[in-house]
Amino acid sequence: MYVGAVHLRCRVVDRSGRDGEREPARRRTILVVDDDAGHVALIARALEDAPYTLERAASLREARELIERVSPELLLVDLRLPDGVGTELIPRGEPRRPVVVMTSHGSEQAAVDAMRAGALDYLVKSPATFLDMAHIVERALREWNNLVERRRVERALRASEDRFNLAVQGTSDGVWDWHLGTREVYYAPRFLELLGVEEGALAPSIDSLLGRVHPEDRVAVEAAIDAHLDRGEDYDVELRIDTRFDGYRWFRSRAQAIWDDEGRPERMVGSITDIHESKQAEARLNRLAQRDELTGLPNRALFMALLEGEIARAQSSGARFAVLFLDLDRFKLVNESLGHAVGDRMLVSIARRVQGGLGARHTIARFGGDELMILMRDVSGIEEPEAAARRIHGLLSQPFKLGGHSLFVTTSIGIVLSSSARTRPEEYLRDADIAMYHAKNIGKARHAVFDASMHTRVRATLQLHNDLRHALDGGQFEVHYQPIVSLADGRLHGFEALVRWRHPTRGLLSPGVFMPLAEETGLVIPLDRWVLQRACRQLAAWQALERADARSLRVSVNLSGHQLSDDTLVDAVRAALADGGIEPSTLALEITEGILVSGSDEARRTIDGLYELGVELHLDDFGVGYSSLSYLHRFPIHALKIDRSFIGHLALGDRESAIVQTIIVLGRHLNMRVTAEGVETPQQLARLQALGCTSAQGYLFARPLPAAKVDALLTADALPWDVGVQPEERDG
């Protein structure tokens, strides 16, 4: 079990392209209290580009120490901790900071208990939750700020009421005296002062006074007077009165009838108190509670209340509705490159454009960040929300002209239609969110309608994620080795080490199934390190065989972008070489074009360190990515690997052959070896030989093999492939 606090830093990358022109965002400290290091890594991954500093504690004791030391602005707390329950970190009384409670095993009672304890929010851990963590944190901090502001306004309101009581005691109210028989009214000087009028400027009649009451309030005021005089009910009303300088201002009016000897009302004596500032504070409080401050749209709380009402209406009347979840694609680039002021103006423009395009019948809300929600009422079927989604895509296809910039934005939209299977607003948000992420994953700038298979896939992904966390410790991973063959004479150059997962119920899984999850969870680094160590040890065993070319065998290991950003990679490679007892020159590390083109300082320093160590660097999947060749001169690359997509189409025409030939010629001129991946047919082999390719790998020679089968291959009398006779002429 982890026993120490880990200090995690979310890296902030300035992509503005201009040094010194933009003030860096203030970094807020977030404390993650979770004894599951994998979940902490997921949160750090989701927040790596956000302006937060993450501190981690694995227990209540560590959390309390860190809270005293660093005073975090937000707590993300696992419900179940080794030494207690996460809600114990919420102090009694008024909390000093927001606390979001997380759990892997959610229940309605647990959620209720957490909220009663003072939690700001309650989350069930899932892949979608971790992916959305940046929005969750932003929303929590924003809602906390709104809560703090509401408390401030409430305190101001209470203070205002206290001032009123003092004013009454000090006879500072504006007194009026109405004679019911003559309808004449006496105004005390303080009354005239509150209305901003001089003595004599206001006619001493009840009709003149009522004429200054706001039209929306007059009926209620007259009804309150009648109720007091006819039935003896208290007269205590809030109303707006037209003043000389400030227009309509809010006042509180209280009065008492005076009765004659026969029990008939003779006069009505009362006072007015200026409560305008309190009413403004109250109005602001209501806006904060229900409206997004930036766009003026309904906020999450109001949208959820409206959705709950729509669900009830659908259950009683059969009316149908739809929920649309909009997430703007790559919107953070606007904030990072042009600043948050431009980003905020663009959000306002987007909200207005979408609102204008859909009409007043439907509700559009902002959930925070770059997320909008739409509640479409009285729809006849799925065709209407789909048509609305297409209309939104069209509305956003036109540029936004802001601050001298012409900006474009697209959105991914998830749609869910009302159904009796859903009874709570949270269920509609969940399914719309799942559909939105499906739309984003299939290419962005499109919409997707939720279906049950999406939920099934999410659950399967979550299960695979949970299984993955135990796979490395459980010895479920294997390294398979695919031979790399010389196309000149068929000799064995070496192997590419490829990881496989021997899943207990799903069998042997390829990296395409689990590596994206490993990258999301942060498990990719320990997994890559394990593959590196196993490959070095295995190569040492093969080099010790009594075989003429054994000492020249090499092994290639793939590196992820996460690895190159890790400043401990060079030491890890050095340790793996020493552990295996192999020469650095017999180890090749394969990286992709995207890693080089990103050009981060960390990656550059790591590559330089690996080069100084003596290992080779191979560029994997060459030709598929960014096609920027300048990095071939800037980085110490030893070999190029032609992506299998080019080899698969090699026999289709001259275009594919020309691309492959260009890569081979480029490698030859730069003194780099060239290896073709995915060679499966004799025709592809012959064509690659004709083009002068150095080496190849693929099913034509051998599939990736377990180490035991490679042992048999190396001890056999002859290799099981034949590259044939090299053609006399080569193209190029």
# chains A, B, ... in the order shown; residues from 1 in each chain; ligands from 1
>>> select_by_dssp(residues="stretch 47-226 of chain A", states="strand (DSSP E or B)", output="PyMOL selection string")
chain A and resi 52-57+74-78+80-81+84-85+99-103+121-124+174-179+184-187+205+213
>>> residues_around(residues="A:Ala351", least_positions_apart="2", cutoff="10 Å", atoms="only C-alpha atoms", output="list of chain:residue names")
A:Thr295, A:Gly296, A:Leu297, A:Arg345, A:Met346, A:Leu347, A:Val348, A:Ser349, A:Arg353, A:Val354, A:Gln355, A:Gly356, A:Gly357, A:Ile364, A:Ala365, A:Arg366, A:Leu372
>>> atom_distance(atom1="atom CA of A:Leu120", atom2="atom CA of A:Leu89")
12.6 Å
>>> residues_around(residues="stretch 547-550 of chain A", least_positions_apart="2", cutoff="9 Å", atoms="only C-alpha atoms", output="PDB file with C-alpha atoms, in the first residue's frame")
ATOM      1  CA  ARG A 491      19.404 -13.457 -42.813  1.00  0.00           C
ATOM      2  CA  LEU A 492      17.703 -12.767 -39.481  1.00  0.00           C
ATOM      3  CA  HIS A 493      18.470  -9.201 -38.360  1.00  0.00           C
ATOM      4  CA  TRP A 542      19.444 -15.640 -27.747  1.00  0.00           C
ATOM      5  CA  GLN A 543      22.832 -13.992 -28.210  1.00  0.00           C
ATOM      6  CA  ALA A 544      24.330 -16.732 -26.017  1.00  0.00           C
ATOM      7  CA  LEU A 545      23.181 -19.496 -28.396  1.00  0.00           C
ATOM      8  CA  SER A 552      24.554  -9.652 -34.052  1.00  0.00           C
ATOM      9  CA  LEU A 553      20.870 -10.174 -33.256  1.00  0.00           C
ATOM     10  CA  LEU A 714      16.900 -20.170 -33.833  1.00  0.00           C
ATOM     11  CA  THR A 715      17.949 -23.752 -33.164  1.00  0.00           C
TER      12      THR A 715
END
>>> atom_distance(atom1="atom CA of A:Phe331", atom2="atom CA of A:Leu131")
15.7 Å
>>> closest_residue(among="A:Ile525, A:Leu589, A:Gly247, A:Gln661", to="A:Ile637", atoms="only C-alpha atoms")
A:Leu589
>>> residues_around(residues="A:Arg64", least_positions_apart="4", cutoff="12 Å", atoms="only C-alpha atoms", output="compact mmCIF listing (two decimals) with all heavy atoms, in the first residue's frame")
# COMPACT_ATOMS: atom_id res chain seq x y z
N ALA A 5 2.84 10.83 0.56
CA ALA A 5 2.12 11.75 -0.32
C ALA A 5 2.95 11.99 -1.57
O ALA A 5 4.14 12.23 -1.51
CB ALA A 5 1.88 13.08 0.40
N LEU A 31 -6.21 18.89 -4.11
CA LEU A 31 -5.74 17.72 -3.36
C LEU A 31 -6.60 16.52 -3.73
O LEU A 31 -7.82 16.54 -3.55
CB LEU A 31 -5.83 18.00 -1.85
CG LEU A 31 -5.48 16.80 -0.93
CD1 LEU A 31 -4.07 16.29 -1.22
CD2 LEU A 31 -5.64 17.20 0.53
N VAL A 32 -5.97 15.49 -4.27
CA VAL A 32 -6.64 14.24 -4.61
C VAL A 32 -6.36 13.25 -3.47
O VAL A 32 -5.20 12.91 -3.21
CB VAL A 32 -6.14 13.67 -5.95
CG1 VAL A 32 -6.89 12.38 -6.29
CG2 VAL A 32 -6.31 14.68 -7.05
N VAL A 33 -7.41 12.81 -2.79
CA VAL A 33 -7.26 11.88 -1.67
C VAL A 33 -7.79 10.52 -2.14
O VAL A 33 -8.99 10.29 -2.19
CB VAL A 33 -8.02 12.37 -0.43
CG1 VAL A 33 -7.73 11.48 0.76
CG2 VAL A 33 -7.64 13.81 -0.12
N ARG A 56 -1.33 14.73 -3.83
CA ARG A 56 -2.01 13.46 -3.62
C ARG A 56 -1.75 12.94 -2.22
O ARG A 56 -0.63 12.99 -1.71
CB ARG A 56 -1.53 12.43 -4.64
CG ARG A 56 -2.32 11.10 -4.52
CD ARG A 56 -1.41 9.95 -4.25
NE ARG A 56 -2.18 8.75 -3.94
CZ ARG A 56 -1.76 7.53 -4.18
NH1 ARG A 56 -0.59 7.35 -4.75
NH2 ARG A 56 -2.49 6.49 -3.85
N ALA A 57 -2.80 12.46 -1.60
CA ALA A 57 -2.69 11.78 -0.32
C ALA A 57 -3.44 10.46 -0.43
O ALA A 57 -4.46 10.37 -1.11
CB ALA A 57 -3.29 12.63 0.80
N ALA A 58 -2.91 9.44 0.25
CA ALA A 58 -3.51 8.12 0.16
C ALA A 58 -4.33 7.76 1.40
O ALA A 58 -4.85 6.66 1.49
CB ALA A 58 -2.43 7.06 -0.07
N SER A 59 -4.45 8.68 2.36
CA SER A 59 -5.18 8.37 3.58
C SER A 59 -5.69 9.68 4.19
O SER A 59 -5.29 10.78 3.79
CB SER A 59 -4.27 7.66 4.58
OG SER A 59 -3.22 8.53 5.01
N LEU A 60 -6.59 9.54 5.17
CA LEU A 60 -7.10 10.72 5.87
C LEU A 60 -5.99 11.45 6.59
O LEU A 60 -5.93 12.69 6.60
CB LEU A 60 -8.18 10.29 6.88
CG LEU A 60 -9.50 9.75 6.30
CD1 LEU A 60 -10.38 9.25 7.42
CD2 LEU A 60 -10.22 10.82 5.50
N GLU A 68 -3.32 21.32 5.95
CA GLU A 68 -2.70 22.34 6.79
C GLU A 68 -1.51 22.99 6.11
O GLU A 68 -1.27 24.19 6.26
CB GLU A 68 -2.26 21.70 8.12
CG GLU A 68 -3.40 21.29 9.03
CD GLU A 68 -4.21 22.48 9.48
OE1 GLU A 68 -3.61 23.54 9.74
OE2 GLU A 68 -5.45 22.37 9.53
N ARG A 69 -0.78 22.20 5.32
CA ARG A 69 0.46 22.71 4.73
C ARG A 69 0.24 23.51 3.45
O ARG A 69 0.85 24.56 3.26
CB ARG A 69 1.42 21.54 4.46
CG ARG A 69 2.84 22.01 4.14
CD ARG A 69 3.84 20.90 4.26
NE ARG A 69 3.72 19.93 3.17
CZ ARG A 69 3.40 18.66 3.34
NH1 ARG A 69 3.16 18.19 4.54
NH2 ARG A 69 3.32 17.84 2.31
N VAL A 70 -0.61 23.03 2.54
CA VAL A 70 -0.73 23.68 1.22
C VAL A 70 -2.05 24.40 1.02
O VAL A 70 -2.20 25.12 0.02
CB VAL A 70 -0.52 22.66 0.09
CG1 VAL A 70 0.80 21.96 0.24
CG2 VAL A 70 -1.66 21.64 0.05
N SER A 71 -3.03 24.21 1.92
CA SER A 71 -4.33 24.87 1.84
C SER A 71 -4.92 24.76 0.43
O SER A 71 -5.07 25.75 -0.27
CB SER A 71 -4.18 26.35 2.23
OG SER A 71 -5.47 26.95 2.32
N PRO A 72 -5.30 23.56 0.00
CA PRO A 72 -5.82 23.37 -1.36
C PRO A 72 -7.15 24.09 -1.55
O PRO A 72 -7.89 24.34 -0.59
CB PRO A 72 -6.00 21.85 -1.46
CG PRO A 72 -6.18 21.40 -0.05
CD PRO A 72 -5.31 22.31 0.77
N LEU A 75 -10.92 19.67 -2.95
CA LEU A 75 -10.59 18.30 -2.57
C LEU A 75 -11.37 17.34 -3.45
O LEU A 75 -12.59 17.46 -3.58
CB LEU A 75 -10.97 18.03 -1.10
CG LEU A 75 -10.32 18.90 -0.02
CD1 LEU A 75 -10.72 18.37 1.36
CD2 LEU A 75 -8.81 18.92 -0.15
N VAL A 77 -12.07 13.53 -3.23
CA VAL A 77 -11.88 12.58 -2.14
C VAL A 77 -12.57 11.26 -2.47
O VAL A 77 -13.77 11.24 -2.81
CB VAL A 77 -12.46 13.15 -0.82
CG1 VAL A 77 -12.22 12.18 0.32
CG2 VAL A 77 -11.82 14.49 -0.51
N GLY A 86 -14.05 9.17 3.39
CA GLY A 86 -13.58 10.44 2.85
C GLY A 86 -14.34 11.64 3.35
O GLY A 86 -13.79 12.74 3.46
N GLU A 88 -15.11 12.41 6.19
CA GLU A 88 -14.58 12.91 7.46
C GLU A 88 -13.72 14.15 7.26
O GLU A 88 -13.44 14.87 8.22
CB GLU A 88 -13.76 11.81 8.15
CG GLU A 88 -14.59 10.62 8.61
CD GLU A 88 -13.74 9.55 9.28
OE1 GLU A 88 -12.80 9.93 10.01
OE2 GLU A 88 -14.00 8.37 9.05
N LEU A 89 -13.31 14.40 6.03
CA LEU A 89 -12.50 15.60 5.74
C LEU A 89 -13.35 16.85 5.62
O LEU A 89 -12.82 17.95 5.49
CB LEU A 89 -11.70 15.39 4.45
CG LEU A 89 -10.59 14.33 4.51
CD1 LEU A 89 -9.98 14.12 3.14
CD2 LEU A 89 -9.52 14.73 5.52
N ILE A 90 -14.69 16.68 5.62
CA ILE A 90 -15.58 17.84 5.52
C ILE A 90 -15.86 18.34 6.93
O ILE A 90 -16.44 17.63 7.75
CB ILE A 90 -16.90 17.45 4.83
CG1 ILE A 90 -16.62 16.83 3.45
CG2 ILE A 90 -17.80 18.67 4.68
CD1 ILE A 90 -17.86 16.29 2.76
N PRO A 91 -15.45 19.55 7.26
CA PRO A 91 -15.65 20.06 8.63
C PRO A 91 -17.12 20.34 8.92
O PRO A 91 -17.91 20.61 8.01
CB PRO A 91 -14.82 21.35 8.64
CG PRO A 91 -14.79 21.79 7.22
CD PRO A 91 -14.80 20.53 6.39
>>> residues_around(residues="A:Asn671", least_positions_apart="6", cutoff="12 Å", atoms="only C-alpha atoms", output="tab-separated table (two decimals) with all heavy atoms, in the first residue's frame")
chain	number	residue	atom	x	y	z
A	632	LEU	N	14.21	14.92	-39.40
A	632	LEU	CA	15.16	13.86	-39.71
A	632	LEU	C	16.60	14.37	-39.59
A	632	LEU	O	17.53	13.59	-39.37
A	632	LEU	CB	14.91	13.32	-41.12
A	632	LEU	CG	13.58	12.56	-41.31
A	632	LEU	CD1	13.45	12.08	-42.74
A	632	LEU	CD2	13.49	11.39	-40.35
A	633	HIS	N	16.77	15.67	-39.78
A	633	HIS	CA	18.11	16.26	-39.61
A	633	HIS	C	18.36	16.65	-38.16
A	633	HIS	O	19.51	16.65	-37.71
A	633	HIS	CB	18.24	17.51	-40.50
A	633	HIS	CG	18.24	17.19	-41.98
A	633	HIS	ND1	19.31	16.63	-42.63
A	633	HIS	CD2	17.26	17.33	-42.91
A	633	HIS	CE1	19.01	16.46	-43.92
A	633	HIS	NE2	17.77	16.87	-44.12
A	636	PRO	N	18.70	12.21	-34.00
A	636	PRO	CA	19.63	11.14	-34.41
A	636	PRO	C	18.89	9.84	-34.74
A	636	PRO	O	18.86	8.90	-33.94
A	636	PRO	CB	20.54	10.98	-33.20
A	636	PRO	CG	19.66	11.37	-32.04
A	636	PRO	CD	18.76	12.46	-32.54
A	637	ILE	N	18.26	9.78	-35.92
A	637	ILE	CA	17.49	8.61	-36.33
A	637	ILE	C	18.40	7.64	-37.10
A	637	ILE	O	19.14	8.04	-38.00
A	637	ILE	CB	16.29	9.02	-37.21
A	637	ILE	CG1	15.43	10.07	-36.48
A	637	ILE	CG2	15.46	7.81	-37.60
A	637	ILE	CD1	14.87	9.58	-35.17
A	638	HIS	N	18.30	6.34	-36.78
A	638	HIS	CA	19.13	5.32	-37.43
A	638	HIS	C	18.39	4.58	-38.53
A	638	HIS	O	19.03	4.07	-39.47
A	638	HIS	CB	19.63	4.29	-36.40
A	638	HIS	CG	20.52	4.88	-35.36
A	638	HIS	ND1	20.04	5.51	-34.23
A	638	HIS	CD2	21.89	4.95	-35.27
A	638	HIS	CE1	21.06	5.93	-33.48
A	638	HIS	NE2	22.18	5.60	-34.08
A	639	ALA	N	17.05	4.46	-38.41
A	639	ALA	CA	16.32	3.66	-39.39
A	639	ALA	C	14.90	4.17	-39.52
A	639	ALA	O	14.34	4.76	-38.58
A	639	ALA	CB	16.31	2.18	-38.98
A	640	LEU	N	14.32	3.95	-40.72
A	640	LEU	CA	12.93	4.29	-40.98
A	640	LEU	C	12.13	3.00	-41.17
A	640	LEU	O	12.62	2.06	-41.79
A	640	LEU	CB	12.80	5.15	-42.25
A	640	LEU	CG	13.65	6.42	-42.31
A	640	LEU	CD1	13.45	7.10	-43.66
A	640	LEU	CD2	13.27	7.39	-41.19
A	664	ILE	N	12.43	4.92	-49.41
A	664	ILE	CA	13.66	4.12	-49.49
A	664	ILE	C	14.83	4.99	-49.96
A	664	ILE	O	15.94	4.93	-49.39
A	664	ILE	CB	13.46	2.92	-50.43
A	664	ILE	CG1	12.45	1.95	-49.80
A	664	ILE	CG2	14.78	2.22	-50.72
A	664	ILE	CD1	12.01	0.85	-50.73
A	665	VAL	N	14.59	5.80	-50.99
A	665	VAL	CA	15.66	6.68	-51.50
A	665	VAL	C	16.06	7.70	-50.43
A	665	VAL	O	17.25	7.99	-50.24
A	665	VAL	CB	15.19	7.38	-52.79
A	665	VAL	CG1	16.20	8.45	-53.21
A	665	VAL	CG2	15.01	6.37	-53.91
A	694	THR	N	15.86	-2.35	-47.40
A	694	THR	CA	16.90	-3.04	-46.64
A	694	THR	C	16.39	-4.32	-45.98
A	694	THR	O	16.99	-5.39	-46.08
A	694	THR	CB	17.46	-2.11	-45.55
A	694	THR	OG1	17.81	-0.87	-46.13
A	694	THR	CG2	18.65	-2.73	-44.87
>>> residues_around(residues="A:Glu138", least_positions_apart="3", cutoff="8 Å", atoms="only C-alpha atoms", output="mmCIF file with N, CA, C and O atoms, in the first residue's frame")
data_model
loop_
_atom_site.group_PDB
_atom_site.id
_atom_site.type_symbol
_atom_site.label_atom_id
_atom_site.label_comp_id
_atom_site.auth_asym_id
_atom_site.auth_seq_id
_atom_site.Cartn_x
_atom_site.Cartn_y
_atom_site.Cartn_z
ATOM 1 N N ALA A 134 -11.455 17.469 -16.253
ATOM 2 C CA ALA A 134 -11.152 18.905 -16.361
ATOM 3 C C ALA A 134 -12.434 19.721 -16.248
ATOM 4 O O ALA A 134 -12.484 20.737 -15.549
ATOM 5 N N HIS A 135 -13.509 19.261 -16.914
ATOM 6 C CA HIS A 135 -14.780 19.975 -16.821
ATOM 7 C C HIS A 135 -15.369 19.854 -15.424
ATOM 8 O O HIS A 135 -15.956 20.809 -14.899
ATOM 9 N N LEU A 141 -15.239 24.266 -9.095
ATOM 10 C CA LEU A 141 -14.672 25.535 -8.624
ATOM 11 C C LEU A 141 -15.616 26.700 -8.914
ATOM 12 O O LEU A 141 -15.763 27.604 -8.088
ATOM 13 N N ARG A 142 -16.272 26.629 -10.089
ATOM 14 C CA ARG A 142 -17.206 27.703 -10.420
ATOM 15 C C ARG A 142 -18.419 27.674 -9.495
ATOM 16 O O ARG A 142 -18.861 28.705 -8.979
ATOM 17 N N GLY A 368 -21.032 24.887 -18.133
ATOM 18 C CA GLY A 368 -19.681 25.278 -17.755
ATOM 19 C C GLY A 368 -18.703 24.930 -18.846
ATOM 20 O O GLY A 368 -18.941 24.020 -19.655
ATOM 21 N N GLY A 369 -17.584 25.644 -18.872
ATOM 22 C CA GLY A 369 -16.576 25.357 -19.885
ATOM 23 C C GLY A 369 -17.153 25.532 -21.268
ATOM 24 O O GLY A 369 -17.764 26.557 -21.598
#
>>> residues_around(residues="A:Glu73", least_positions_apart="5", cutoff="9 Å", atoms="only C-alpha atoms", output="list of chain:residue names")
A:Arg28, A:Thr29, A:Ile30, A:Leu31, A:Arg96, A:Arg97, A:Pro98, A:Leu141
>>> atom_distance(atom1="atom CA of A:Leu617", atom2="atom CA of A:Ile659")
22.3 Å
>>> closest_residue(among="A:Arg377, A:Arg249, A:Arg655, A:Arg150", to="A:Ile311", atoms="only C-alpha atoms")
A:Arg377
>>> select_by_dssp(residues="stretch 311-527 of chain A", states="alpha helix (DSSP H)", output="NGL selection string")
:A and (311-317 or 332-338 or 340-358 or 383-396 or 425-441 or 452-471 or 511-521 or 524-527)
>>> closest_residue(among="A:Asp378, A:Ala281, A:Arg231, A:Phe191", to="A:Thr243", atoms="only C-alpha atoms")
A:Phe191
>>> closest_atom_pairs(of="stretch 182-250 of chain A", to="stretch 271-277 of chain A", cutoff="12 Å", atoms="only C-alpha atoms", output="Markdown table")
| residue | atom | partner | partner_atom | distance |
| --- | --- | --- | --- | --- |
| A:Tyr186 | CA | A:Ser271 | CA | 11.2 |
| A:Tyr187 | CA | A:Ser271 | CA | 9.5 |
| A:Ala188 | CA | A:Ser271 | CA | 9.3 |
| A:Pro189 | CA | A:Ser271 | CA | 11.8 |
| A:Arg190 | CA | A:Ile272 | CA | 9.5 |
| A:Phe191 | CA | A:Ile272 | CA | 7.2 |
| A:Leu192 | CA | A:Ile272 | CA | 10.5 |
| A:Glu193 | CA | A:Asp274 | CA | 11.0 |
| A:Leu194 | CA | A:Asp274 | CA | 7.3 |
| A:Leu195 | CA | A:Asp274 | CA | 9.4 |
| A:Gly196 | CA | A:Asp274 | CA | 11.9 |
| A:Tyr235 | CA | A:Ser271 | CA | 10.8 |
| A:Asp236 | CA | A:Ile272 | CA | 9.9 |
| A:Val237 | CA | A:Ile272 | CA | 9.6 |
| A:Glu238 | CA | A:Ile275 | CA | 8.6 |
| A:Leu239 | CA | A:Ile275 | CA | 9.6 |
| A:Arg240 | CA | A:His276 | CA | 8.7 |
| A:Ile241 | CA | A:Asp274 | CA | 10.0 |
| A:Thr243 | CA | A:Asp274 | CA | 11.2 |
| A:Asp246 | CA | A:His276 | CA | 10.5 |
| A:Gly247 | CA | A:His276 | CA | 11.4 |
| A:Tyr248 | CA | A:His276 | CA | 9.2 |
| A:Arg249 | CA | A:His276 | CA | 5.6 |
| A:Trp250 | CA | A:His276 | CA | 4.4 |
